[in-house]
Each structure stands twice: as C-alpha cells, then as structure tokens.
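Enquirer: This is the structure I want to talk about, given as structure tokens.
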Amino acid sequence: MRLTTILNSTLKFKGFVFKKCKFIEKQTDPPQLEIEVLSRKGSQGRCSKCNRKCPGYDHLSRRRFAHIPIWGFLVFFVYSPRRVSCPTCGVRVELLPWAIGKCRMTKSYCWYLSDWAGRLSWTEVAQCFRTTWYHVYKAIEMAVEWGRSRLDLDNITSIGIDEIQWHSGKRYLTLVYQIDIHCKRLLWIGENRSMKTLTEFFKWFGEERSLKLEFVCSDLWQAYLKVVKKKASQAFHVLDRYHIMALIGKAIDKVRAQEVKKLKEKGKKPILKRTRWIFLKRPENLTVSEDQKLAQLVKQNLKTVRCYLLRESFQRFWEYVSAYWAGRFIDRWTRKVMYSRIEPLKKVARTIRQHKPIILNYFKANKKINQGVVEGMNNKVKLNIRKAYGFRTKKAAEVQLYHALGKLPKPTFTHRFF
Ligand SMILES: [Zn+2]
C-alpha cells in the first residue's frame with residue numbers, strides 16, 4: 001500500500017488529493033518525508049474569509065505544513081495555495097482544510113500534540129516528536145481556543161471560587177470551577193483577586209446563568225463575598241471546609257514560629273524544632289516516630305500544643321448534621337479560644353464568629369455539592385503550575401490550566417490517531 005493511499009483514506013479533504021511522496025535525503029536529521037498535495041482538477045478554491053467558492057486568481061509559492069511524524073520521519077505536506085478572487089472580500093488566499101490561519105502545522109498534528117500534552121509535559125512532547133516547545137504550545141493554544149469557543153455552559157448549578165498565588169507568590173490568579181456532582185472542571189481564570197476580577201467572571205458567565213446558580217463555594221476573602229452577594233444573591237454561599245481548616249493551620253504555624261523564637265531567647269531546649277509538619281498534619285497521617293514525638297510534646301505546657309488540640313477539637317464540627325447544633329458548637333469553641341490567650345487563634349475565632357451564617361450553610365448544602373472539590377481542584381492547579389515550570393506569561397499558564405482541567409470539547413475526526 002502506498003503512503004498516499006493511507007493518507008487519502010485517513011484524511012479526506014474535499015477538492016484535494018495527496019499525490020507524490022518524496023524522501024528528502026539531504027542529510028537532514030531526522031529524515032523528512034514530503035507529501036505533495038494537489039487541488040483536484042477543475043475544482044474551485046474557497047475564500048478563506050467567507051468560505052464561498054470563488055474563481056482562481058493566481059498561485060502562491062510552495063508551503064510546507066508539518067504533519068504527524070511517522071517511523072522516525074518528519075512529515076510535511078507541500079502545497080502551493082491558490083489565491084481566489086472573491087466578489088465580496090477581494091483577492092484572498094484560499095481556505096486550506098488541513099490548516100488553521102497562518103499556522104504551519106496541520107490541524108491533525110496540532111490535536112495529536114495537544115492530546116500527548118495531556119499525558120506528558122510540554123518539553124517531553126517536544127522531545128518525543130522532535131519539535132519545539134513553542135510548537136507544542138501553539139498546538140495546545142489552538143486546541144484550547146477551539147474548545148473554549150464551543151464550551152457548553154448549560155446546567156451549571158454550583159461553582160467554586162478559589163485563588164492561587166503564582167509568580168513566586170507575588171501575584172494572584174482567581175479561578176472559578178464548576179463543582180456539580182455530574183461535572184467538575186475549571187471554568188474561568190482571571191488575574192488578581194479583586195472585586196473587578198470576579199465581576200469579570202460573572203460578566204463572562206452571563207446574568208441569566210448567574211441567576212440560576214444554586215451554590216457558590218469560596219473562602220472568606222471579602223472581595224469575593226461582596227461580588228457573589230451582588231451577582232448571585234439567590235445562591236447558597238458555602239465556605240469550603242479546607243479554607244477554614246487552612247485558617248486555623250496558618251494560626252498554628254504562626255504560634256509555633258513565635259514559640260520557637262521565645263524558647264531560644266530563654267535558652268531552653270529547642271523541643272519544637274522540626275515539628276512543623278507534626279502539627280499541620282492530621283493525626284491519622286502521622287508516621288510512628290512523628291506520633292511518638294507528638295505524644296511527648298503534648299505533655300509539655302506549650303502554646304503550640306494547646307493550639308493544636310483546639311484545632312483537633314474543631315474537626316468534630318464537620319461531623320454535625322444539624323446546622324443548629326453546629327452553631328452551638330461554634331459558640332462553645334470560639335468562647336474557649338477567646339480564653340486561650342493565643343492571639344493568632346483568637347483572630348481566627350473572631351473571623352469564624354463574624355461569618356457564622358455562611359459557615360453554617362455548609363450543613364444546609366450538605367450532600368448537594370461536592371465538598372472538598374475545591375481543595376482537590378486547587379491541588380491539581382498547583383501541580384500543573386509546577387509542571388509548567390518555565391511559564392513566564394499568564395497566557396501560557398492559562399493555556400496549560402484550561403487544557404489540563406477545563407474538560408474542553410474536541411472535534412470528532414474521520415480517523416483516530418489514538
Ligand atoms: Zn470572501
């Protein structure tokens with residue numbers, strides 16, 4: 001079977017045909033295969049702007065389009081595009097069904113690379129297919145643009161709003177996820193975490209859809225709280241469990257750091273050294289030696305330990321079923337904290353008191369939304385940002401995140417390369 005026969009059956013372009021194959025043996029590494037594409041005799045080209053069939057005008061010089069490499073050969077389609085004279089658009093280059101705009105990679109190649117980039121890092125994909133990081137990026141950008149413009153935004157009832165630090169913590173990105181039981185995905189990315197950022201999301205999402213939202217999950221960041229209240233006031237505002245536990249975790253961290261310093265100043269034994277994770281981890285995740293160390297620490301009269309025990313007692317809060325009793329628990333717990341004389345934790349208690357109604361929504365919304373999804377998505381985002389080491393621009397990070405977590409639609413091809 002000839003290679004052109006395979007190509008003619010896997011890729012069907014109306015009005016075009018694959019003709020000759022040629023090895024380019026000019027000591028190129030890797031070796032290259034050139035496949036000549038011809039327009040069918042008597043066929044008319046289509047205007048690249050309005051897609052209408054138009055009479056020909058002239059021919060341009062040969063162009064090469066990179067296609068999926070095969071058996072160690074780089075593959076190129078070679079074609080001399082016609083220019084057509086369109087009655088409405090004037091003289092234009094014809095529409096090439098295998099290419100997008102001025103991109104010199106075929107559509108199939110772009111989709112192929114972007115599919116691989118879902119499994120490997122961009123650099124690895126570039127190495128495997130002997131192309132460049134930039135070409136992989138361009139391919140994914142195409143896939144993301146295609147998918148984003150065909151996004152189905154119907155039936156979204158729950159969203160989660162989250163922020164993430166990037167650029168070594170100097171800047172923020174606001175991320176909005178869909179967190180419905182039937183679909184969890186990244187919906188939108190915006191720069192900063194201001195009211196303006198989130199307002200832009202709602203503008204993109206549309207007023208009608210915003211008014212159909214039933215649950216919005218976020219942290220206690222004021223800008224988010226305000227915008228959600230304004231744009232989706234009908235929705236139940238729920239706080240994610242992990243955001244609240246993270247608040248307490250940060251307080252423990254602060255108390256521990258202060259206490260380490262104090263012990264050092266007083267010339268006491270540095271018993272708190274290398275204990276950070278013991279206090280931040282859940283007890284069930286501790287190793288045997290960490291567990292033993294914790295048992296010793298608990299015997300000491302340390303602020304950090306008291307703080308730790310208060311956090312552990314707060315875990316019981318999530319086991320409540322009734323919002324009423326959970327509310328009573330908050331009252332008791334915050335009272336206890338206020339007597340503790342641990343300033344960072346007292347601050348958390350005040351925040352919890354202030355936002356008690358929203359926190360209690362957790363129980364009213366229970367089982368209707370996926371608690372913990374926001375945390376899971378946040379971890380995936382962090383992993384992708386780390387994987388995308390070297391992304392300097394927001395655009396590249398955005399492309400990577402949408403590609404990995406956006407569940408974007410893809411076209412159906414006549415031939416499957418996977
Ligand atoms: Zn036209």
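In the structure tokens, chains take letters A, B, ... by order of appearance, with residues numbered from 1 within each chain and ligands from 1 in the order shown.
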May I have the residues within 9 Å of ligand 1, computed using only C-alpha atoms and all ligand atoms, as a list in words?
Expert: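 Answer in the requested format: Arg46, Cys47, Ser48, Lys49, Cys50, Asn51, Arg52, Lys53, Cys54, Val84, Ser85, Cys86, Pro87, Thr88, Cys89, Gly90, Val91 and Arg92 of chain A.
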Enquirer: Could you save the residues just selected, with C-alpha atoms, as a JSON list (two decimals), in the first residue's frame?
Expert:
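Here's the written file part_37.json:
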[["chain", "number", "residue", "atom", "x", "y", "z"],
["A", 46, "ARG", "CA", -12.84, 28.69, -1.24],
["A", 47, "CYS", "CA", -12.35, 32.19, 0.08],
["A", 48, "SER", "CA", -10.61, 31.97, 3.47],
["A", 49, "LYS", "CA", -12.74, 34.75, 4.85],
["A", 50, "CYS", "CA", -16.29, 33.91, 3.77],
["A", 51, "ASN", "CA", -15.86, 30.24, 2.81],
["A", 52, "ARG", "CA", -17.50, 30.77, -0.59],
["A", 53, "LYS", "CA", -16.26, 29.04, -3.76],
["A", 54, "CYS", "CA", -14.57, 31.60, -5.98],
["A", 84, "VAL", "CA", -9.06, 33.39, -5.28],
["A", 85, "SER", "CA", -10.83, 36.49, -6.33],
["A", 86, "CYS", "CA", -13.85, 36.74, -4.07],
["A", 87, "PRO", "CA", -16.61, 39.15, -5.13],
["A", 88, "THR", "CA", -17.09, 40.36, -1.54],
["A", 89, "CYS", "CA", -13.64, 40.01, 0.06],
["A", 90, "GLY", "CA", -11.38, 40.71, -2.92],
["A", 91, "VAL", "CA", -8.27, 38.69, -3.67],
["A", 92, "ARG", "CA", -7.65, 36.22, -0.85]]
Enquirer: May I have the residues within 12 Å of Ala117 in chain A as a list in words, using only C-alpha atoms and disregarding those fewer than 6 positions away in the same chain?
Expert: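 Selected residues are Cys110, Trp111, Thr123, Glu124, Val125, Ala126, Gln127, Cys128, Phe129, Trp133, His135, Val136, Tyr137, Lys138, Ala139, Ile140, Glu141, Ala143, Asn384, Lys387, Ala388, Val399, Gln400, Leu401, His403 and Ala404 of chain A.
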Enquirer: If you run DSSP over the backbone, which residues in range 112-344 of chain A end up strand (DSSP E or B)? Put them as a VMD selection string.
Expert: chain A and resid 158 to 166 171 to 179 184 to 191 215 to 218 236 to 239
Enquirer: Need to verify the contact set: Phe201 in chain A, 9 Å, only C-alpha atoms, exclusion of same-chain residues closer than 6 positions in sequence. Can you return it as JSON, numbers by chain?
Expert: {"A": [176, 188, 189, 190]}
Enquirer: Excluding Arg335 in chain A and any residue of its chain fewer than 6 positions from it, enumerate the residues within 12 Å of it, using only C-alpha atoms, and give them as an mmCIF file with N, CA and C atoms, in the first residue's frame.
Expert:
data_model
loop_
_atom_site.group_PDB
_atom_site.id
_atom_site.type_symbol
_atom_site.label_atom_id
_atom_site.label_comp_id
_atom_site.auth_asym_id
_atom_site.auth_seq_id
_atom_site.Cartn_x
_atom_site.Cartn_y
_atom_site.Cartn_z
ATOM 1 N N LEU A 310 -6.827 22.495 70.109
ATOM 2 C CA LEU A 310 -8.054 23.234 69.775
ATOM 3 C C LEU A 310 -8.459 22.974 68.317
ATOM 4 N N ARG A 328 -24.236 25.895 67.818
ATOM 5 C CA ARG A 328 -23.928 25.864 69.247
ATOM 6 C C ARG A 328 -22.463 25.472 69.470
ATOM 7 N N PHE A 329 -22.002 24.562 68.644
ATOM 8 C CA PHE A 329 -20.607 24.132 68.742
ATOM 9 C C PHE A 329 -19.666 25.308 68.489
ATOM 10 N N ARG A 341 -5.880 32.991 75.261
ATOM 11 C CA ARG A 341 -4.797 33.980 75.189
ATOM 12 C C ARG A 341 -3.783 33.661 74.079
ATOM 13 N N LEU A 345 -4.910 32.597 67.090
ATOM 14 C CA LEU A 345 -6.092 31.742 67.062
ATOM 15 C C LEU A 345 -7.354 32.536 67.415
ATOM 16 N N LYS A 346 -7.175 33.521 68.294
ATOM 17 C CA LYS A 346 -8.319 34.359 68.656
ATOM 18 C C LYS A 346 -8.832 35.114 67.430
ATOM 19 N N VAL A 348 -8.704 34.038 64.390
ATOM 20 C CA VAL A 348 -9.475 33.083 63.598
ATOM 21 C C VAL A 348 -10.875 32.934 64.184
ATOM 22 N N ALA A 349 -10.947 32.844 65.515
ATOM 23 C CA ALA A 349 -12.242 32.678 66.175
ATOM 24 C C ALA A 349 -13.164 33.856 65.875
ATOM 25 N N ARG A 350 -12.576 35.050 65.880
ATOM 26 C CA ARG A 350 -13.386 36.239 65.571
ATOM 27 C C ARG A 350 -13.919 36.158 64.138
ATOM 28 N N ILE A 352 -14.457 33.463 62.406
ATOM 29 C CA ILE A 352 -15.480 32.412 62.344
ATOM 30 C C ILE A 352 -16.806 32.917 62.910
ATOM 31 N N ARG A 353 -16.722 33.663 64.004
ATOM 32 C CA ARG A 353 -17.944 34.229 64.586
ATOM 33 C C ARG A 353 -18.633 35.165 63.609
#
Enquirer: Mind the document's chain letters and residue numbers, and return as a count of residues only the residues of range 5-215 of chain A that DSSP labels helix (DSSP H, G or I).
Expert: 55
Enquirer: Would you list the contacts of Met105 in chain A as a list in words, taking every protein, DNA or RNA residue within 8 Å and counting only C-alpha atoms, but skipping same-chain residues closer than 6 positions in sequence?
Expert: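 Non-adjacent residues within range: Phe65, Ala66, His67 and Ala99 of chain A.
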Enquirer: Wanna dump the range 79-111 of chain A-range 1-18 of chain A contacts at 10 Å for me, each residue with its shortest atom pair and the distance in Å to one decimal, counting only C-alpha atoms, ordered by chain and number, as a Markdown table?
Expert:
| residue | atom | partner | partner_atom | distance |
| --- | --- | --- | --- | --- |
| A:Tyr79 | CA | A:Phe18 | CA | 9.9 |
| A:Leu96 | CA | A:Phe13 | CA | 8.9 |
| A:Pro97 | CA | A:Phe13 | CA | 6.4 |
| A:Trp98 | CA | A:Phe13 | CA | 7.5 |
| A:Ser108 | CA | A:Leu11 | CA | 8.9 |
Enquirer: Keeping only C-alpha atoms, write those residues as a tab-separated table (two decimals), in the first residue's frame.
Expert:
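Writing the result to again11.tsv gives the following:
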chain	number	residue	atom	x	y	z
A	79	TYR	CA	1.12	22.72	-1.33
A	96	LEU	CA	-6.94	25.14	3.41
A	97	PRO	CA	-8.98	22.47	5.20
A	98	TRP	CA	-5.96	20.96	6.97
A	108	SER	CA	-4.42	16.78	12.96
Enquirer: Which residues come within 12 Å of Ser340 in chain A, counting only C-alpha atoms, excluding same-chain residues fewer than 3 positions away, as a PyMOL selection string?
Expert: chain A and resi 302-307+309-310+333-337+343-347+349
Enquirer: Residues as selected, N, CA and C atoms, written as an mmCIF file, in the first residue's frame, can you do that?
Expert:
data_model
loop_
_atom_site.group_PDB
_atom_site.id
_atom_site.type_symbol
_atom_site.label_atom_id
_atom_site.label_comp_id
_atom_site.auth_asym_id
_atom_site.auth_seq_id
_atom_site.Cartn_x
_atom_site.Cartn_y
_atom_site.Cartn_z
ATOM 1 N N LEU A 302 2.846 23.846 76.235
ATOM 2 C CA LEU A 302 3.230 24.716 75.132
ATOM 3 C C LEU A 302 1.986 25.321 74.483
ATOM 4 N N LYS A 303 2.134 26.552 74.045
ATOM 5 C CA LYS A 303 1.025 27.210 73.357
ATOM 6 C C LYS A 303 0.675 26.466 72.075
ATOM 7 N N THR A 304 1.735 26.047 71.376
ATOM 8 C CA THR A 304 1.522 25.355 70.101
ATOM 9 C C THR A 304 0.671 24.112 70.301
ATOM 10 N N VAL A 305 0.954 23.387 71.374
ATOM 11 C CA VAL A 305 0.207 22.169 71.640
ATOM 12 C C VAL A 305 -1.250 22.492 71.947
ATOM 13 N N ARG A 306 -1.462 23.536 72.720
ATOM 14 C CA ARG A 306 -2.849 23.914 73.046
ATOM 15 C C ARG A 306 -3.595 24.288 71.773
ATOM 16 N N CYS A 307 -2.878 25.020 70.938
ATOM 17 C CA CYS A 307 -3.428 25.451 69.666
ATOM 18 C C CYS A 307 -3.806 24.227 68.823
ATOM 19 N N LEU A 309 -4.440 21.191 69.858
ATOM 20 C CA LEU A 309 -5.569 20.462 70.428
ATOM 21 C C LEU A 309 -6.882 21.159 70.120
ATOM 22 N N LEU A 310 -6.827 22.495 70.109
ATOM 23 C CA LEU A 310 -8.054 23.234 69.775
ATOM 24 C C LEU A 310 -8.459 22.974 68.317
ATOM 25 N N TRP A 333 -16.846 26.633 70.979
ATOM 26 C CA TRP A 333 -15.440 26.546 70.558
ATOM 27 C C TRP A 333 -14.788 27.931 70.552
ATOM 28 N N THR A 334 -15.480 28.910 69.988
ATOM 29 C CA THR A 334 -14.875 30.247 69.920
ATOM 30 C C THR A 334 -14.712 30.840 71.325
ATOM 31 N N ARG A 335 -15.659 30.520 72.226
ATOM 32 C CA ARG A 335 -15.530 31.020 73.605
ATOM 33 C C ARG A 335 -14.254 30.463 74.237
ATOM 34 N N LYS A 336 -14.067 29.173 74.033
ATOM 35 C CA LYS A 336 -12.881 28.520 74.583
ATOM 36 C C LYS A 336 -11.604 29.178 74.043
ATOM 37 N N VAL A 337 -11.627 29.455 72.737
ATOM 38 C CA VAL A 337 -10.451 30.069 72.109
ATOM 39 C C VAL A 337 -10.202 31.470 72.662
ATOM 40 N N GLU A 343 -3.168 34.744 70.598
ATOM 41 C CA GLU A 343 -3.688 35.814 69.740
ATOM 42 C C GLU A 343 -4.013 35.374 68.306
ATOM 43 N N PRO A 344 -3.112 34.678 67.595
ATOM 44 C CA PRO A 344 -3.436 34.309 66.202
ATOM 45 C C PRO A 344 -4.708 33.465 66.097
ATOM 46 N N LEU A 345 -4.910 32.597 67.090
ATOM 47 C CA LEU A 345 -6.092 31.742 67.062
ATOM 48 C C LEU A 345 -7.354 32.536 67.415
ATOM 49 N N LYS A 346 -7.175 33.521 68.294
ATOM 50 C CA LYS A 346 -8.319 34.359 68.656
ATOM 51 C C LYS A 346 -8.832 35.114 67.430
ATOM 52 N N LYS A 347 -7.869 35.491 66.603
ATOM 53 C CA LYS A 347 -8.230 36.206 65.374
ATOM 54 C C LYS A 347 -9.099 35.302 64.478
ATOM 55 N N ALA A 349 -10.947 32.844 65.515
ATOM 56 C CA ALA A 349 -12.242 32.678 66.175
ATOM 57 C C ALA A 349 -13.164 33.856 65.875
#
Enquirer: May I ask which of the residues A:Leu408, A:Leu175, A:Val227, A:Ile271 is the closest one to Val144 in chain A, counting only C-alpha atoms?
Expert: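 Closest to Val144 in chain A, using only C-alpha atoms: A:Leu408.
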Enquirer: Measure the distance from CA of Glu312 in chain A to CA of Glu259 in chain A in Å and round it to one decimal.
Expert: 19.5 Å
